[in-house]
Amino acid sequence: MNRRIMLGTKIQKGFTLVELLVVIAIIGVLVGLLLPAVQAAREAARRMSCSNNFKQIGLALHNYHSAYKQLPEQMGGTTRNPITTDAAAALPATGNHKLRLSWLVGLTPFMEQQALWEKISNPLDADGDGTTTGDVWPAMGASPLMTLAQHAANRYEPWLTEIPTLRCPSDPGAGLPNHARTNYAACLGDSPWRNNLGLRYTNGAKTSLGSQYTRESMRGVFVPRQPTKFRDILDGLANTICAGEINTDLGDRDITTRPLNHPTLNEPRQNASACEQYLDPERPRYWVTGAPTTGTAENARGSKWALGFPQFTGMTTILPPNRELCMNGFATSWGVVPPSSRHQGGCHVLMADGAVIFITDSIEAGDSNGPSVHRFAGGVAPGSESPYGLWGALGTRGSKETIEEQLNQ
């Protein structure tokens with residue numbers, strides 16, 4: 001008997017090519033919408049972490065003031081009389097700072113960096129061999145102006161130690177030729193005049209005229225080579241900026257990290273925007289090729305956390321945030337040094353009461369093409385309100401400006 005074997009046909013279910021392409025397109029659109037949100041969320045987290053670092057610095061400042069009844073000195077430290085050369089100051093046997101330490105050095109034990117502070121505040125063996133054959137740094141260490149070549153010969157480890165609290169997560173700068181970076185700088189007020197010298201010279205000496213210049217022009221919370229206290233902030237702690245955020249160098253011609261050396265002597269104190277003419281018209285966030293920028297990458301913005309000169313650890317409230325750095329000479333000169341950040345639209349500042357506020361690039365800043373406060377011809381008379389509007393007023397400690405804006409919203 002013949003049997004007919006019936007073979008059933010199995011029907012397979014699936015997507016057609018058109019349906020698959022539609023699904024892939026929808027997924028692509030969703031990913032395209034999601035990625036910017038993810039990036040924004042990550043930057044928001046980095047910005048929050050940066051703000052928290054600044055809060056820790058503010059707490060350290062208040063604890064320091066409670067302990068010593070003054071704020072840490074910007075450009076303090078040790079000195080020798082007669083003045084030794086920079087080469088001699090970078091040798092263990094004769095090491096000294098020539099009054100160049102930044103405000104951050106004294107804060108180290110108050111930022112949970114006690115081990116680092118103990119290295120700084122005690123004699124330190126340069127080569128670690130346990131002997132004292134002329135290679136022991138004195139207490140408080142070497143000159144923070146030391147070069148990498150000098151460190152190679154007689155390494156002073158604390159100045160090459162990067163402190164996590166001093167770094168903003170949004171700043172990608174890292175490694176050599178920078179020594180150890182900082183993204184936070186002391187507020188020196190609304191005038192560039194003498195913000196690299198302040199009250200004393202490198203041998204500790206004072207002069208009558210230098211003292212007058214400093215009193216007249218250095219109106220910020222921090223005054224180079226002069227201790228200040230909270231009692232000096234007559235405008236109110238909540239109305240006065242004591243520190244600001246800064247970018248560090250990435251090896252390019254960024255106007256916020258590579259200062260420009262203005263070729264005309266004293267021009268930056270007569271015109272805050274004097275260096276604007278050197279901006280690249282095609283890329284205004286960079287200097288034009290061949291512009292006379294100061295120093296090298298080793299001496300760029302924020303490259304040495306222990307060094308107190310303005311372009312390393314100082315900021316002014318003259319030009320608004322993220323504007324150009326305009327110096328009156330080389331890396332150790334005075335200049336216009338606005339704060340900056342890798343955050344979109346502005347930067348953080350630390351108020352003297354410990355609050356951290358985000359200041360936008362568009363803050364009212366008066367006449368950015370006008371002169372600063374100094375006694376010379378063409379300057380704004382000492383004792384005047386800040387010529388740089390709300391921004392300048394926030395940077396002065398006792399100029400009696402009235403702050404009407406609500407900053408922390």
# chains A, B, ... in the order shown; residues from 1 in each chain; ligands from 1
$ residues_around --residues "Glu112 (chain A)" --least-positions-apart "4" --cutoff "10 Å" --atoms "only C-alpha atoms" --output "PyMOL selection string"
chain A and resi 56+60+107-108+116-117+163+165
$ write_last_selection --atoms "C-alpha atoms" --output "JSON list (two decimals), in the first residue's frame"
[["chain", "number", "residue", "atom", "x", "y", "z"],
["A", 56, "GLN", "CA", 37.00, 72.39, 50.81],
["A", 60, "ALA", "CA", 40.56, 75.23, 54.90],
["A", 107, "LEU", "CA", 46.69, 75.48, 53.49],
["A", 108, "THR", "CA", 48.07, 71.97, 52.92],
["A", 116, "LEU", "CA", 52.97, 66.74, 52.45],
["A", 117, "TRP", "CA", 53.10, 69.65, 54.90],
["A", 163, "ILE", "CA", 47.15, 67.76, 45.15],
["A", 165, "THR", "CA", 41.79, 69.03, 45.87]]
$ select_by_dssp --residues "region 160-293 of chain A" --states "helix (DSSP H, G or I)" --output "PyMOL selection string"
chain A and resi 160+164-166+208-217+230-232+237-239+267-270+274-278
$ write_last_selection --atoms "N, CA and C atoms" --output "CSV table (one decimal), in the first residue's frame"
chain,number,residue,atom,x,y,z
A,160,LEU,N,56.6,69.2,43.2
A,160,LEU,CA,56.2,68.4,42.1
A,160,LEU,C,55.1,67.4,42.4
A,164,PRO,N,45.1,66.5,44.7
A,164,PRO,CA,43.8,66.3,44.0
A,164,PRO,C,42.8,67.4,44.3
A,165,THR,N,42.8,68.0,45.5
A,165,THR,CA,41.8,69.0,45.9
A,165,THR,C,42.0,70.3,45.0
A,166,LEU,N,43.2,70.5,44.5
A,166,LEU,CA,43.5,71.7,43.7
A,166,LEU,C,43.2,71.5,42.2
A,208,SER,N,59.0,103.1,51.7
A,208,SER,CA,57.9,104.0,51.9
A,208,SER,C,57.0,104.1,50.7
A,209,LEU,N,57.6,104.3,49.5
A,209,LEU,CA,56.9,104.4,48.3
A,209,LEU,C,56.2,103.1,47.9
A,210,GLY,N,56.9,102.0,48.0
A,210,GLY,CA,56.3,100.7,47.7
A,210,GLY,C,55.2,100.4,48.6
A,211,SER,N,55.2,100.8,49.9
A,211,SER,CA,54.1,100.6,50.8
A,211,SER,C,52.9,101.4,50.4
A,212,GLN,N,53.1,102.6,49.9
A,212,GLN,CA,52.0,103.4,49.4
A,212,GLN,C,51.4,102.9,48.2
A,213,TYR,N,52.2,102.4,47.2
A,213,TYR,CA,51.7,101.8,46.0
A,213,TYR,C,50.8,100.6,46.4
A,214,THR,N,51.3,99.8,47.3
A,214,THR,CA,50.5,98.6,47.6
A,214,THR,C,49.2,98.9,48.3
A,215,ARG,N,49.2,99.9,49.2
A,215,ARG,CA,48.0,100.2,49.9
A,215,ARG,C,46.9,100.8,48.9
A,216,GLU,N,47.4,101.6,47.9
A,216,GLU,CA,46.5,102.2,47.0
A,216,GLU,C,45.9,101.3,46.0
A,217,SER,N,46.7,100.4,45.5
A,217,SER,CA,46.3,99.5,44.3
A,217,SER,C,45.9,98.1,44.6
A,230,PHE,N,40.3,88.6,58.1
A,230,PHE,CA,38.9,88.8,57.8
A,230,PHE,C,38.4,90.2,58.2
A,231,ARG,N,39.0,90.7,59.3
A,231,ARG,CA,38.6,92.1,59.7
A,231,ARG,C,38.9,93.1,58.6
A,232,ASP,N,39.8,92.8,57.7
A,232,ASP,CA,40.2,93.8,56.7
A,232,ASP,C,39.1,93.9,55.6
A,237,LEU,N,32.1,89.7,54.1
A,237,LEU,CA,32.6,88.5,53.5
A,237,LEU,C,31.8,87.9,52.4
A,238,ALA,N,30.5,88.0,52.5
A,238,ALA,CA,29.6,87.5,51.5
A,238,ALA,C,29.6,88.3,50.2
A,239,ASN,N,30.2,89.5,50.2
A,239,ASN,CA,30.2,90.4,49.0
A,239,ASN,C,31.6,90.5,48.4
A,267,GLU,N,51.5,99.4,29.7
A,267,GLU,CA,50.2,99.6,29.0
A,267,GLU,C,49.1,98.8,29.6
A,268,PRO,N,49.3,97.6,30.2
A,268,PRO,CA,48.1,96.9,30.8
A,268,PRO,C,47.5,97.6,31.9
A,269,ARG,N,48.2,98.5,32.6
A,269,ARG,CA,47.5,99.2,33.7
A,269,ARG,C,46.8,100.4,33.2
A,270,GLN,N,47.1,100.8,32.0
A,270,GLN,CA,46.3,102.0,31.4
A,270,GLN,C,45.1,101.5,30.5
A,274,ALA,N,44.4,95.8,26.6
A,274,ALA,CA,45.5,96.2,25.7
A,274,ALA,C,46.0,95.0,24.9
A,275,CYS,N,45.8,93.8,25.3
A,275,CYS,CA,46.3,92.6,24.6
A,275,CYS,C,45.3,92.1,23.6
A,276,GLU,N,44.1,92.7,23.6
A,276,GLU,CA,43.1,92.2,22.7
A,276,GLU,C,43.4,92.2,21.3
A,277,GLN,N,44.3,93.2,20.9
A,277,GLN,CA,44.7,93.3,19.5
A,277,GLN,C,45.5,92.1,19.0
A,278,TYR,N,46.0,91.2,19.8
A,278,TYR,CA,46.7,90.1,19.4
A,278,TYR,C,45.9,88.8,19.3
$ closest_residue --among "A:Tyr286, A:Tyr184, A:Trp137, A:Trp334" --to "Ala306 (chain A)" --atoms "only C-alpha atoms"
A:Tyr184
$ closest_residue --among "A:Arg283, A:His343, A:Arg155, A:Arg181" --to "Thr313 (chain A)" --atoms "only C-alpha atoms"
A:Arg181
$ atom_distance --atom1 "CA of Ala88 (chain A)" --atom2 "CA of Lys206 (chain A)"
22.8 Å
$ residues_around --residues "Asn261 (chain A)" --least-positions-apart "3" --cutoff "8 Å" --atoms "only C-alpha atoms" --output "ChimeraX atom specification"
/A:292-294,326-330
$ write_last_selection --atoms "C-alpha atoms" --output "mmCIF file, in the first residue's frame"
data_model
loop_
_atom_site.group_PDB
_atom_site.id
_atom_site.type_symbol
_atom_site.label_atom_id
_atom_site.label_comp_id
_atom_site.auth_asym_id
_atom_site.auth_seq_id
_atom_site.Cartn_x
_atom_site.Cartn_y
_atom_site.Cartn_z
ATOM 1 C CA PRO A 292 54.622 87.664 22.133
ATOM 2 C CA THR A 293 53.429 85.152 24.716
ATOM 3 C CA THR A 294 55.394 84.912 27.955
ATOM 4 C CA CYS A 326 47.815 90.363 29.629
ATOM 5 C CA MET A 327 51.199 90.713 31.347
ATOM 6 C CA ASN A 328 53.639 93.582 31.664
ATOM 7 C CA GLY A 329 56.631 91.390 30.913
ATOM 8 C CA PHE A 330 57.921 87.909 31.632
#
$ select_by_dssp --residues "region 232-351 of chain A" --states "strand (DSSP E)" --output "list in words"
Ile241, Cys242, Ala243, Gly244, Glu245, Leu260, Asn261, Gly314, Met315, Cys326, Met327, Gly335, Val336, Gly346, Cys347, His348, Val349, Leu350 and Met351 of chain A
$ closest_atom_pairs --of "region 186-292 of chain A" --to "region 374-398 of chain A" --cutoff "6 Å" --atoms "only C-alpha atoms" --output "Markdown table"
| residue | atom | partner | partner_atom | distance |
| --- | --- | --- | --- | --- |
| A:Gly189 | CA | A:Gly395 | CA | 4.7 |
| A:Asp190 | CA | A:Gly392 | CA | 5.4 |
| A:Glu216 | CA | A:Pro382 | CA | 5.3 |
| A:Ser217 | CA | A:His374 | CA | 5.7 |
| A:Arg219 | CA | A:Thr396 | CA | 5.1 |
| A:Gly220 | CA | A:Thr396 | CA | 4.8 |
| A:Val221 | CA | A:Arg397 | CA | 5.7 |
| A:Ile233 | CA | A:Arg397 | CA | 4.5 |
| A:Leu234 | CA | A:Gly398 | CA | 4.6 |
| A:Asp235 | CA | A:Gly398 | CA | 5.0 |
| A:Thr240 | CA | A:Leu394 | CA | 4.9 |
| A:Ile241 | CA | A:Gly395 | CA | 5.3 |
$ closest_residue --among "A:Ile403, A:Ala67, A:Val22, A:Cys347" --to "Lys229 (chain A)" --atoms "only C-alpha atoms"
A:Ala67
$ decode --residues "region 393-405 of chain A" --atoms "C-alpha atoms" --output "compact mmCIF listing (two decimals), in the first residue's frame"
# COMPACT_ATOMS: atom_id res chain seq x y z
CA ALA A 393 33.45 95.69 43.11
CA LEU A 394 33.29 92.03 44.06
CA GLY A 395 37.08 91.88 43.99
CA THR A 396 37.73 94.75 46.40
CA ARG A 397 37.75 94.17 50.14
CA GLY A 398 36.98 97.68 51.40
CA SER A 399 36.05 100.14 48.65
CA LYS A 400 32.50 100.62 49.95
CA GLU A 401 30.68 99.70 46.75
CA THR A 402 27.05 98.65 47.13
CA ILE A 403 26.23 95.19 45.77
CA GLU A 404 22.55 95.05 44.79
CA GLU A 405 22.53 91.89 42.67
